[in-house]
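File shown here: query_9.pdb, holding PDB, C-alpha atoms.
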```pdb
ATOM      1  CA  MET S   1      -2.513  37.352  20.725
ATOM      2  CA  ASP S   2      -5.350  39.074  22.566
ATOM      3  CA  MET S   3      -6.075  37.052  25.711
ATOM      4  CA  GLU S   4      -9.822  37.780  25.425
ATOM      5  CA  LYS S   5      -9.850  35.949  22.096
ATOM      6  CA  GLN S   6      -8.315  32.758  23.453
ATOM      7  CA  ALA S   7      -9.756  29.673  25.052
ATOM      8  CA  THR S   8      -7.985  28.208  28.045
ATOM      9  CA  VAL S   9      -7.919  24.520  28.872
ATOM     10  CA  LYS S  10      -6.500  23.109  32.078
ATOM     11  CA  LEU S  11      -5.196  19.567  31.841
ATOM     12  CA  ASN S  12      -4.355  17.315  34.746
ATOM     13  CA  ILE S  13      -1.863  14.797  33.427
ATOM     14  CA  PRO S  14      -0.605  12.164  35.848
ATOM     15  CA  ALA S  15       3.135  12.397  36.489
ATOM     16  CA  GLU S  16       3.639   8.770  35.437
ATOM     17  CA  VAL S  17       2.106   9.575  32.027
ATOM     18  CA  VAL S  18       4.427  12.544  31.613
ATOM     19  CA  ARG S  19       7.384  10.323  32.501
ATOM     20  CA  ALA S  20       6.194   7.498  30.213
ATOM     21  CA  ALA S  21       5.994   9.999  27.330
ATOM     22  CA  GLY S  22       9.581  11.014  28.067
ATOM     23  CA  LEU S  23       8.673  14.641  28.687
ATOM     24  CA  ARG S  24       9.932  17.175  31.152
ATOM     25  CA  ARG S  25       7.476  19.512  32.835
ATOM     26  CA  ALA S  26       9.130  22.477  31.085
ATOM     27  CA  GLU S  27       8.350  20.905  27.686
ATOM     28  CA  LEU S  28       4.820  19.778  28.454
ATOM     29  CA  HIS S  29       2.909  22.902  27.376
ATOM     30  CA  ARG S  30       4.745  23.131  24.048
ATOM     31  CA  GLU S  31       4.492  19.399  23.380
ATOM     32  CA  VAL S  32       0.752  19.265  24.066
ATOM     33  CA  LEU S  33       0.075  22.242  21.780
ATOM     34  CA  GLU S  34       2.233  20.818  18.997
ATOM     35  CA  ARG S  35       0.601  17.394  19.168
ATOM     36  CA  LEU S  36      -2.867  18.912  19.258
ATOM     37  CA  ALA S  37      -2.033  21.087  16.256
ATOM     38  CA  LEU S  38      -0.610  18.104  14.347
ATOM     39  CA  SER S  39      -3.686  16.021  15.091
ATOM     40  CA  PHE S  40      -6.104  18.740  13.965
ATOM     41  CA  TYR S  41      -4.019  19.367  10.848
ATOM     42  CA  ALA S  42      -3.804  15.651   9.985
ATOM     43  CA  ASP S  43      -7.562  15.135  10.129
ATOM     44  CA  GLY S  44      -8.312  18.337   8.211
ATOM     45  CA  THR S  45      -9.927  20.166  11.119
ATOM     46  CA  LEU S  46      -7.365  22.983  10.889
ATOM     47  CA  SER S  47      -5.537  24.454   7.923
ATOM     48  CA  PHE S  48      -1.765  24.557   7.855
ATOM     49  CA  GLY S  49      -1.708  28.166   9.054
ATOM     50  CA  GLN S  50      -4.248  27.583  11.804
ATOM     51  CA  ALA S  51      -2.377  24.535  13.072
ATOM     52  CA  ALA S  52       0.917  26.424  13.012
ATOM     53  CA  ARG S  53      -0.650  29.229  15.032
ATOM     54  CA  LEU S  54      -2.090  26.757  17.560
ATOM     55  CA  ALA S  55       1.374  25.248  17.954
ATOM     56  CA  GLY S  56       2.855  28.732  18.382
ATOM     57  CA  LEU S  57       5.081  28.254  15.328
ATOM     58  CA  ASP S  58       5.711  30.146  12.123
ATOM     59  CA  TYR S  59       5.294  28.583   8.652
ATOM     60  CA  TRP S  60       8.847  27.222   8.459
ATOM     61  CA  ALA S  61       8.944  25.881  11.996
ATOM     62  CA  PHE S  62       5.622  24.074  11.505
ATOM     63  CA  SER S  63       6.909  22.642   8.206
ATOM     64  CA  ASP S  64       9.959  21.393  10.107
ATOM     65  CA  LEU S  65       7.722  19.885  12.803
ATOM     66  CA  LEU S  66       5.730  18.021  10.126
ATOM     67  CA  ALA S  67       8.981  16.666   8.686
ATOM     68  CA  ARG S  68      10.330  15.612  12.106
ATOM     69  CA  LYS S  69       7.082  13.773  12.842
ATOM     70  CA  LYS S  70       7.113  12.235   9.339
ATOM     71  CA  MET S  71       3.729  13.752   8.495
ATOM     72  CA  LEU S  72       2.693  14.673   4.993
ATOM     73  CA  TYR S  73       1.868  18.192   3.933
ATOM     74  CA  ARG S  74      -1.784  18.255   2.822
ATOM     75  CA  TYR S  75      -2.340  20.145  -0.407
ATOM     76  CA  ASP S  76      -5.550  19.627  -2.335
ATOM     77  CA  VAL S  77      -7.400  21.227  -5.233
ATOM     78  CA  GLU S  78      -8.959  23.872  -2.976
ATOM     79  CA  ASP S  79      -5.497  24.864  -1.733
ATOM     80  CA  LEU S  80      -4.251  25.159  -5.316
ATOM     81  CA  GLU S  81      -7.247  27.274  -6.349
ATOM     82  CA  SER S  82      -6.740  29.528  -3.325
ATOM     83  CA  ASP S  83      -3.027  29.906  -4.086
ATOM     84  CA  LEU S  84      -3.766  30.728  -7.725
ATOM     85  CA  GLN S  85      -6.343  33.338  -6.714
ATOM     86  CA  ASN S  86      -3.924  34.898  -4.230
ATOM     87  CA  ALA S  87      -1.174  34.977  -6.864
ATOM     88  CA  LYS S  88      -3.515  36.706  -9.324
ATOM     89  CA  GLU S  89      -4.537  39.277  -6.713
ATOM     90  CA  LEU S  90      -0.890  39.963  -5.940
ATOM     91  CA  GLY S  91      -0.162  40.367  -9.642
ATOM     92  CA  LEU S  92       2.365  37.551  -9.637
ATOM     93  CA  PHE S  93       1.095  36.228 -12.939
ATOM     94  CA  ASN S  94      -1.756  36.705 -15.362
ATOM     95  CA  VAL S  95      -3.888  33.687 -16.163
ATOM     96  CA  GLY S  96      -6.629  33.830 -18.787
TER      97      GLY S  96
END
```
Please express the file's structure as structure tokens.
Amino acid sequence: MDMEKQATVKLNIPAEVVRAAGLRRAELHREVLERLALSFYADGTLSFGQAARLAGLDYWAFSDLLARKKMLYRYDVEDLESDLQNAKELGLFNVG
């Protein structure tokens, strides 16, 4: 991803909080991004794809992360309409 199109956030997390969360310093960056992505996805701030990208994961890996965290996949009427439109545009089926 182009670095000029990214925002950078510096977090100062006390060592005792990192320990209490059961994290190692090497895992901290990944864990924070994943949890942030999950939170934004859960409250509808980010779409599935946007949250996956924030977490640095592909579709399948983010699906697996949702399953490991026992989170539901959000799929509403707008998602269905978008999927149907995309399928039509790709010529996958012909609807009325």
Chain and number of each residue from the PyMOL selection byres ((chain S and resi 73-75) around 9), as a list in words: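 Here the PyMOL selection byres ((chain S and resi 73-75) around 9) matches Tyr41, Ala42, Gly44, Ser47, Phe48, Ser63, Leu66, Ala67, Met71, Leu72, Asp76, Val77, Glu78, Asp79 and Leu80 of chain S.
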Q) In Å to one decimal, how far is CA of Lys88 in chain S from CA of Ala61 in chain S? A)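 Separation between CA of Ala61 in chain S and CA of Lys88 in chain S: 27.0 Å.
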Of S:Glu81, S:Glu34, S:Thr45, S:Ser39, the one sitting nearest Phe62 in chain S when using only C-alpha atoms is S:Glu34
Among S:Leu11, S:Val17, S:Arg24, S:Lys69, Leu38 in chain S is approached most closely, using all atoms listed in the file, by S:Lys69
Can you tell me which residues surround Pro14 in chain S at a distance of at most 12 Å, considering only C-alpha atoms, apart from same-chain residues fewer than 5 positions away, and format the answer as a list in words?
Arg19, Ala20, Ala21, Leu23, Arg25 and Leu28 of chain S
Please produce a file of the residues just selected, as a PDB file, keeping the file's coordinate frame, where the atoms kept are C-alpha atoms.
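result_30.pdb, freshly written:
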```pdb
ATOM      1  CA  ARG S  19       7.384  10.323  32.501  1.00  0.00           C
ATOM      2  CA  ALA S  20       6.194   7.498  30.213  1.00  0.00           C
ATOM      3  CA  ALA S  21       5.994   9.999  27.330  1.00  0.00           C
ATOM      4  CA  LEU S  23       8.673  14.641  28.687  1.00  0.00           C
ATOM      5  CA  ARG S  25       7.476  19.512  32.835  1.00  0.00           C
ATOM      6  CA  LEU S  28       4.820  19.778  28.454  1.00  0.00           C
TER       7      LEU S  28
END
```
Check your understanding: Applied to this file, what does the PyMOL selection byres ((chain S and resi 54) around 10) return in terms of residues, put as number ranges by chain?
Key -> S: 33-38, 40, 46, 48-53, 55-57
One residue among S:Gly91, S:His29, S:Asp64, S:Lys70 is nearest to Ile13 in chain S when using all atoms listed in the file, and that residue is S:His29
| At what distance in Å, to one decimal, does CA of Glu31 in chain S lie from CA of Ala15 in chain S? |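 Separating CA of Ala15 in chain S from CA of Glu31 in chain S is a distance of 14.9 Å.
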Expressed in Å, the length from CA of Asn12 in chain S to CA of Leu65 in chain S is 25.2 Å
